[in-house]
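What follows is the content of target.cif, which has mmCIF, C-alpha atoms:
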```cif
data_protein
loop_
_atom_site.label_atom_id
_atom_site.label_comp_id
_atom_site.auth_asym_id
_atom_site.auth_seq_id
_atom_site.Cartn_x
_atom_site.Cartn_y
_atom_site.Cartn_z
CA PHE D 11 -78.42 62.51 22.94
CA GLU D 12 -78.63 58.74 23.42
CA ALA D 13 -76.53 58.28 20.28
CA VAL D 14 -74.00 60.82 21.58
CA VAL D 15 -73.77 58.95 24.90
CA HIS D 16 -73.35 55.64 23.05
CA ASP D 17 -70.55 56.99 20.84
CA LEU D 18 -68.78 58.76 23.70
CA ARG D 19 -68.95 55.60 25.81
CA ALA D 20 -67.27 53.62 23.04
CA VAL D 21 -64.55 56.27 22.56
CA LEU D 22 -63.83 56.56 26.29
CA ARG D 23 -63.74 52.77 26.71
CA LEU D 24 -61.28 52.42 23.82
CA ALA D 25 -59.13 55.20 25.29
CA ALA D 26 -59.07 53.29 28.60
CA GLY D 27 -57.82 50.17 26.82
CA LYS D 28 -61.13 48.29 26.94
CA GLN D 29 -63.43 46.92 24.26
CA ALA D 30 -65.90 49.38 22.76
CA GLU D 31 -68.90 47.47 24.12
CA PRO D 32 -68.95 46.35 27.76
CA THR D 33 -69.39 42.76 28.92
CA THR D 34 -70.32 43.76 32.47
CA ALA D 35 -72.94 46.19 33.76
CA ILE D 36 -73.80 47.52 37.20
CA ILE D 37 -77.46 48.23 37.95
CA ASP D 38 -79.18 50.09 40.74
CA SER D 39 -82.10 52.39 41.40
CA ARG D 40 -82.57 55.73 43.09
CA THR D 41 -85.73 57.40 44.36
CA LEU D 42 -86.25 61.07 43.47
CA ARG D 43 -88.65 63.09 45.62
CA SER D 44 -91.76 64.22 43.81
CA THR D 45 -92.88 67.76 43.18
CA PRO D 46 -96.34 68.98 42.13
CA GLU D 47 -95.21 68.69 38.49
CA SER D 48 -94.55 64.94 38.73
CA GLY D 49 -98.18 64.44 39.74
CA PRO D 50 -99.79 61.00 39.43
CA ARG D 51 -96.57 59.29 38.34
CA SER D 52 -95.15 59.45 41.86
CA GLY D 53 -95.50 56.52 44.24
CA TYR D 54 -94.36 55.85 47.80
CA ASP D 55 -91.07 54.00 48.32
CA GLY D 56 -91.38 52.42 51.76
CA ALA D 57 -87.71 51.45 51.97
CA LYS D 58 -86.48 55.01 51.39
CA ARG D 59 -89.54 56.64 52.98
CA LYS D 60 -89.97 58.96 50.01
CA LYS D 61 -92.80 59.75 47.65
CA GLY D 62 -91.62 60.21 44.10
CA SER D 63 -90.23 58.48 41.04
CA LYS D 64 -87.64 55.74 40.85
CA LEU D 65 -84.79 55.97 38.37
CA HIS D 66 -83.37 52.57 37.34
CA MET D 67 -79.91 52.90 35.82
CA ALA D 68 -77.24 50.64 34.36
CA VAL D 69 -73.63 51.74 33.88
CA ASP D 70 -70.51 50.01 32.61
CA THR D 71 -67.47 49.32 34.80
CA LEU D 72 -66.11 52.80 34.09
CA GLY D 73 -69.35 54.46 35.24
CA HIS D 74 -70.59 55.44 31.78
CA LEU D 75 -74.34 55.36 31.21
CA LEU D 76 -75.79 52.32 29.42
CA VAL D 77 -79.53 52.70 29.98
CA LEU D 78 -82.02 54.22 32.37
CA HIS D 79 -85.75 54.30 32.79
CA VAL D 80 -88.21 55.90 35.18
CA THR D 81 -91.03 54.22 37.14
CA PRO D 82 -93.19 55.20 40.11
CA ALA D 83 -91.23 54.78 43.36
CA ASN D 84 -93.49 52.00 44.59
CA ARG D 85 -92.33 49.65 41.80
CA ASP D 86 -90.15 46.85 43.10
CA ASP D 87 -86.57 46.61 41.81
CA ARG D 88 -87.01 42.87 41.16
CA ALA D 89 -89.86 43.60 38.73
CA GLU D 90 -87.60 45.94 36.74
CA ALA D 91 -84.71 43.48 36.30
CA GLY D 92 -86.17 42.03 33.09
CA PRO D 93 -86.93 45.31 31.27
CA LEU D 94 -83.57 46.70 32.38
CA ALA D 95 -81.71 43.61 31.11
CA GLU D 96 -83.51 43.84 27.78
CA ALA D 97 -82.64 47.54 27.43
CA ILE D 98 -79.00 46.82 28.32
CA GLN D 99 -78.73 44.20 25.58
CA GLN D 100 -80.35 46.52 23.03
CA ALA D 101 -77.98 49.37 23.92
CA THR D 102 -74.84 47.22 23.78
CA GLY D 103 -75.70 44.88 20.94
CA GLY D 104 -76.01 41.91 23.28
CA SER D 105 -72.44 42.09 24.59
CA VAL D 106 -73.24 42.19 28.33
CA GLU D 107 -72.92 38.82 30.07
CA LEU D 108 -72.83 39.82 33.76
CA ALA D 109 -74.67 42.44 35.81
CA TRP D 110 -73.83 43.34 39.40
CA ALA D 111 -76.71 44.56 41.54
CA ASP D 112 -77.59 45.30 45.15
CA GLN D 113 -79.81 43.25 47.45
CA GLY D 114 -82.94 44.89 46.02
CA TYR D 115 -82.60 42.57 43.02
CA THR D 116 -82.37 39.28 44.97
CA GLY D 117 -84.64 36.36 44.20
CA SER D 118 -85.18 33.83 41.50
CA LYS D 119 -87.69 35.99 39.59
CA ALA D 120 -85.15 38.77 38.97
CA ALA D 121 -82.37 36.28 38.15
CA LYS D 122 -84.61 34.41 35.71
CA ALA D 123 -85.76 37.64 34.05
CA ALA D 124 -82.14 38.69 33.50
CA GLU D 125 -81.17 35.19 32.33
CA GLU D 126 -83.84 35.36 29.61
CA HIS D 127 -81.75 38.14 28.09
CA ASP D 128 -78.45 36.23 28.50
CA ILE D 129 -77.30 38.21 31.53
CA THR D 130 -76.13 36.57 34.74
CA LEU D 131 -77.30 38.64 37.70
CA GLU D 132 -74.80 38.68 40.57
CA ILE D 133 -75.85 40.22 43.88
CA VAL D 134 -73.21 42.19 45.81
CA ARG D 135 -74.12 41.73 49.47
CA LEU D 136 -73.32 43.80 52.53
CA PRO D 137 -70.85 42.24 54.97
CA GLN D 138 -72.46 40.54 57.99
CA ALA D 139 -70.57 42.67 60.53
CA LYS D 140 -71.34 46.08 59.07
CA ARG D 141 -70.31 49.13 61.05
CA GLY D 142 -70.76 52.54 59.50
CA PHE D 143 -70.10 53.18 55.83
CA VAL D 144 -68.87 50.19 53.84
CA LEU D 145 -67.56 50.56 50.29
CA LEU D 146 -69.05 47.66 48.34
CA PRO D 147 -66.92 46.20 45.56
CA GLN D 148 -68.20 46.94 42.04
CA ARG D 149 -71.34 48.70 43.32
CA TRP D 150 -69.59 51.96 44.21
CA ILE D 151 -69.29 52.72 40.50
CA VAL D 152 -73.05 53.11 39.97
CA GLU D 153 -73.33 55.03 43.25
CA ARG D 154 -70.65 57.44 41.98
CA SER D 155 -72.69 57.90 38.78
CA PHE D 156 -75.79 58.76 40.84
CA ALA D 157 -73.69 61.25 42.83
CA ARG D 158 -72.52 62.90 39.61
CA ALA D 159 -76.12 63.29 38.51
CA THR D 160 -77.00 65.10 41.75
CA ARG D 161 -74.50 67.82 40.82
CA CYS D 162 -77.15 68.97 38.34
CA ARG D 163 -79.75 70.82 40.37
CA ARG D 164 -82.60 69.80 38.10
CA LEU D 165 -81.86 66.09 38.69
CA VAL D 166 -82.03 66.22 42.49
CA LYS D 167 -85.85 66.01 42.51
CA ASP D 168 -88.45 64.96 39.98
CA TYR D 169 -89.41 68.31 38.47
CA GLU D 170 -90.71 66.90 35.17
CA ARG D 171 -94.28 66.20 34.05
CA CYS D 172 -93.27 63.30 31.77
CA ALA D 173 -91.07 60.36 32.71
CA SER D 174 -89.41 60.54 29.30
CA THR D 175 -88.32 64.13 29.99
CA LEU D 176 -86.77 63.09 33.30
CA ALA D 177 -84.85 60.29 31.58
CA ALA D 178 -83.77 62.67 28.80
CA MET D 179 -82.46 65.21 31.32
CA HIS D 180 -80.31 62.48 32.90
CA THR D 181 -79.05 61.42 29.47
CA ILE D 182 -78.07 65.00 28.65
CA ALA D 183 -76.26 65.34 31.98
CA PHE D 184 -74.30 62.14 31.39
CA ALA D 185 -73.42 63.31 27.86
CA GLY D 186 -71.95 66.43 29.45
CA PHE D 187 -69.91 64.42 31.96
CA MET D 188 -68.61 62.16 29.21
CA LEU D 189 -67.72 65.12 26.97
CA LYS D 190 -65.73 66.58 29.86
CA ASN D 191 -63.83 63.27 30.21
CA ALA D 192 -63.19 63.18 26.46
CA ALA D 193 -61.93 66.77 26.50
CA SER D 194 -59.51 65.98 29.33
CA LEU D 195 -58.18 63.04 27.27
CA LEU D 196 -57.52 65.40 24.36
CA MET D 197 -55.67 67.81 26.65
CA GLN D 198 -53.44 65.01 27.96
CA SER D 199 -52.43 63.66 24.56
CA PRO D 200 -49.40 65.32 22.88
#
```
When written as structure tokens, how does the structure in this file appear?
Amino acid sequence: FEAVVHDLRAVLRLAAGKQAEPTTAIIDSRTLRSTPESGPRSGYDGAKRKKGSKLHMAVDTLGHLLVLHVTPANRDDRAEAGPLAEAIQQATGGSVELAWADQGYTGSKAAKAAEEHDITLEIVRLPQAKRGFVLLPQRWIVERSFARATRCRRLVKDYERCASTLAAMHTIAFAGFMLKNAASLLMQSP
């Protein structure tokens, strides 16, 4: 399914008039509540006040999945910047030069870890005078991808015993979303 997602991403990017491999990624994480099945893998995320697993995901500027991996929720986002940057470069053949992230990835340690893999980490910050919901530039794309994943009931919580199964279920869901986009492109063409 990872190969299907990779090929569909390239096709959809070419259809949108972009290069097959992205040069920019958007990264973020999401905490999934644990269930009895997730067992010892779950940790407590103090920022979200949830016990569960954390899904770290990178998408391209069109919202197509690049990579994802699962950790306990108590793992810090900054600590995952390096492994995520490495996985992004492996998935794209080293084409990504810039990654946008939220304030969870601030600090020199995360920036240095991303720089080791030739990715410049740029933090998209909240405005100082925030009132209510604020749409952050670039970051809304990864948030939209998380919202699409929650349409699948099985991806709302961590129902899986193995972290690899949870990641695979997300990959399958994104393959389905991308196939739907590809099918709508075929319907539009004469």
* Identify, on the basis of all atoms listed in the file, every residue whose closest approach to region 166-178 of chain D does not exceed 10 Å; exclude the query and any residue fewer than 4 positions from it along the same chain; express the result as an MDAnalysis selection string. => chainID D and resid 11:12 41:52 62:67 77:82 156:157 159:162 182:184
Residues from the last selection, C-alpha atoms, saved as a tab-separated table (two decimals), keeping the file's coordinate frame:
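Everything below was put into out_26.tsv:
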```
chain	number	residue	atom	x	y	z
D	11	PHE	CA	-78.42	62.51	22.94
D	12	GLU	CA	-78.63	58.74	23.42
D	41	THR	CA	-85.73	57.40	44.36
D	42	LEU	CA	-86.25	61.07	43.47
D	43	ARG	CA	-88.65	63.09	45.62
D	44	SER	CA	-91.76	64.22	43.81
D	45	THR	CA	-92.88	67.76	43.18
D	46	PRO	CA	-96.34	68.98	42.13
D	47	GLU	CA	-95.21	68.69	38.49
D	48	SER	CA	-94.55	64.94	38.73
D	49	GLY	CA	-98.18	64.44	39.74
D	50	PRO	CA	-99.79	61.00	39.43
D	51	ARG	CA	-96.57	59.29	38.34
D	52	SER	CA	-95.15	59.45	41.86
D	62	GLY	CA	-91.62	60.21	44.10
D	63	SER	CA	-90.23	58.48	41.04
D	64	LYS	CA	-87.64	55.74	40.85
D	65	LEU	CA	-84.79	55.97	38.37
D	66	HIS	CA	-83.37	52.57	37.34
D	67	MET	CA	-79.91	52.90	35.82
D	77	VAL	CA	-79.53	52.70	29.98
D	78	LEU	CA	-82.02	54.22	32.37
D	79	HIS	CA	-85.75	54.30	32.79
D	80	VAL	CA	-88.21	55.90	35.18
D	81	THR	CA	-91.03	54.22	37.14
D	82	PRO	CA	-93.19	55.20	40.11
D	156	PHE	CA	-75.79	58.76	40.84
D	157	ALA	CA	-73.69	61.25	42.83
D	159	ALA	CA	-76.12	63.29	38.51
D	160	THR	CA	-77.00	65.10	41.75
D	161	ARG	CA	-74.50	67.82	40.82
D	162	CYS	CA	-77.15	68.97	38.34
D	182	ILE	CA	-78.07	65.00	28.65
D	183	ALA	CA	-76.26	65.34	31.98
D	184	PHE	CA	-74.30	62.14	31.39
```
* **Residue with smallest distance to Ala89 (chain D) - pool D:Arg135, D:His127, D:Ala13, D:Ala121, counting only C-alpha atoms** =>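 Of D:Arg135, D:His127, D:Ala13, D:Ala121, the one nearest Ala89 (chain D), counting only C-alpha atoms, is D:Ala121.
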* **Pick from D:Pro147, D:Lys61, D:Ala91, D:Thr102, whichever lies nearest to Arg19 (chain D) using all atoms listed in the file** =>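 Result for the nearest residue to Arg19 (chain D): D:Thr102.
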* **Neighbour list for Glu107 (chain D) as a PyMOL selection string, cut-off 8 Å, only C-alpha atoms, skip fewer than 4 positions in-chain** => chain D and resi 33-34+128-130
* **the PyMOL selection byres ((chain D and resi 150) around 12) applied to the shown file, residues as a ChimeraX atom specification** => /D:36-38,69-73,110-112,134,143-149,151-157
Output as AutoDock Vina command-line options the centre and edge lengths (Å, one decimal) of the box along x, y and z of the file that holds every listed atom of region 185-196 of chain D after adding 6 Å on each side.
```
--center_x -65.5 --center_y 64.5 --center_z 28.2 --size_x 27.9 --size_y 16.6 --size_z 19.6
```
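Reported to one decimal place, the separation of CA of Arg88 (chain D) from CA of Ala120 (chain D) is 5.0 Å.
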* To do: Kindly give the distance, in Å, that separates CA of Lys58 (chain D) and CA of Asn84 (chain D), rounded to a single decimal.
  =>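 If I compute the distance from CA of Lys58 (chain D) to CA of Asn84 (chain D), I get 10.2 Å.
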Can you patch up region 15-49 of chain D, filling it in to N, CA and C atoms, and show the result as a compact mmCIF listing (two decimals), in the frame of the given file?
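Contents of rebuild.txt, as written:
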```
# COMPACT_ATOMS: atom_id res chain seq x y z
N VAL D 15 -74.24 59.69 23.73
CA VAL D 15 -73.77 58.95 24.90
C VAL D 15 -73.18 57.61 24.47
N HIS D 16 -73.84 56.94 23.53
CA HIS D 16 -73.35 55.64 23.05
C HIS D 16 -71.97 55.78 22.40
N ASP D 17 -71.83 56.78 21.53
CA ASP D 17 -70.55 56.99 20.84
C ASP D 17 -69.45 57.42 21.80
N LEU D 18 -69.78 58.32 22.71
CA LEU D 18 -68.78 58.76 23.70
C LEU D 18 -68.34 57.61 24.60
N ARG D 19 -69.30 56.76 24.98
CA ARG D 19 -68.95 55.60 25.81
C ARG D 19 -67.95 54.72 25.09
N ALA D 20 -68.19 54.46 23.81
CA ALA D 20 -67.27 53.62 23.04
C ALA D 20 -65.89 54.26 22.93
N VAL D 21 -65.83 55.56 22.68
CA VAL D 21 -64.55 56.27 22.56
C VAL D 21 -63.79 56.24 23.88
N LEU D 22 -64.47 56.53 24.97
CA LEU D 22 -63.83 56.56 26.29
C LEU D 22 -63.38 55.17 26.72
N ARG D 23 -64.14 54.14 26.37
CA ARG D 23 -63.74 52.77 26.71
C ARG D 23 -62.50 52.38 25.91
N LEU D 24 -62.46 52.73 24.63
CA LEU D 24 -61.28 52.42 23.82
C LEU D 24 -60.05 53.17 24.33
N ALA D 25 -60.25 54.42 24.75
CA ALA D 25 -59.13 55.20 25.29
C ALA D 25 -58.61 54.61 26.60
N ALA D 26 -59.48 53.92 27.34
CA ALA D 26 -59.07 53.29 28.60
C ALA D 26 -58.50 51.90 28.38
N GLY D 27 -58.40 51.48 27.12
CA GLY D 27 -57.82 50.17 26.82
C GLY D 27 -58.81 49.02 26.93
N LYS D 28 -60.10 49.33 26.86
CA LYS D 28 -61.13 48.29 26.94
C LYS D 28 -61.82 48.14 25.58
N GLN D 29 -62.65 47.11 25.47
CA GLN D 29 -63.43 46.92 24.26
C GLN D 29 -64.49 48.01 24.17
N ALA D 30 -64.93 48.31 22.96
CA ALA D 30 -65.90 49.38 22.76
C ALA D 30 -67.22 49.09 23.46
N GLU D 31 -67.66 47.85 23.45
CA GLU D 31 -68.90 47.47 24.12
C GLU D 31 -68.59 46.69 25.39
N PRO D 32 -69.25 47.01 26.49
CA PRO D 32 -68.95 46.35 27.76
C PRO D 32 -69.49 44.92 27.82
N THR D 33 -68.87 44.11 28.65
CA THR D 33 -69.39 42.76 28.92
C THR D 33 -69.98 42.67 30.31
N THR D 34 -69.80 43.72 31.11
CA THR D 34 -70.32 43.76 32.47
C THR D 34 -71.05 45.08 32.70
N ALA D 35 -72.18 44.99 33.41
CA ALA D 35 -72.94 46.19 33.76
C ALA D 35 -73.18 46.20 35.27
N ILE D 36 -73.46 47.36 35.79
CA ILE D 36 -73.80 47.52 37.20
C ILE D 36 -75.13 48.24 37.24
N ILE D 37 -76.12 47.65 37.92
CA ILE D 37 -77.46 48.23 37.95
C ILE D 37 -77.86 48.61 39.37
N ASP D 38 -78.66 49.64 39.45
CA ASP D 38 -79.18 50.09 40.74
C ASP D 38 -80.35 51.04 40.47
N SER D 39 -81.01 51.44 41.53
CA SER D 39 -82.10 52.39 41.40
C SER D 39 -81.96 53.47 42.46
N ARG D 40 -82.61 54.59 42.19
CA ARG D 40 -82.57 55.73 43.09
C ARG D 40 -83.94 56.37 43.09
N THR D 41 -84.42 56.76 44.26
CA THR D 41 -85.73 57.40 44.36
C THR D 41 -85.55 58.91 44.41
N LEU D 42 -86.25 59.61 43.52
CA LEU D 42 -86.25 61.07 43.47
C LEU D 42 -87.54 61.58 44.09
N ARG D 43 -87.45 62.52 45.00
CA ARG D 43 -88.65 63.09 45.62
C ARG D 43 -89.52 63.76 44.57
N SER D 44 -90.82 63.64 44.77
CA SER D 44 -91.76 64.22 43.81
C SER D 44 -91.97 65.70 44.09
N THR D 45 -92.46 66.37 43.09
CA THR D 45 -92.88 67.76 43.18
C THR D 45 -94.30 67.81 42.60
N PRO D 46 -95.00 68.92 42.72
CA PRO D 46 -96.34 68.98 42.13
C PRO D 46 -96.36 68.67 40.63
N GLU D 47 -95.26 68.95 39.93
CA GLU D 47 -95.21 68.69 38.49
C GLU D 47 -95.22 67.20 38.18
N SER D 48 -94.62 66.38 39.03
CA SER D 48 -94.55 64.94 38.73
C SER D 48 -95.90 64.26 38.89
N GLY D 49 -96.79 64.85 39.66
CA GLY D 49 -98.18 64.44 39.74
C GLY D 49 -98.45 62.98 39.98
```
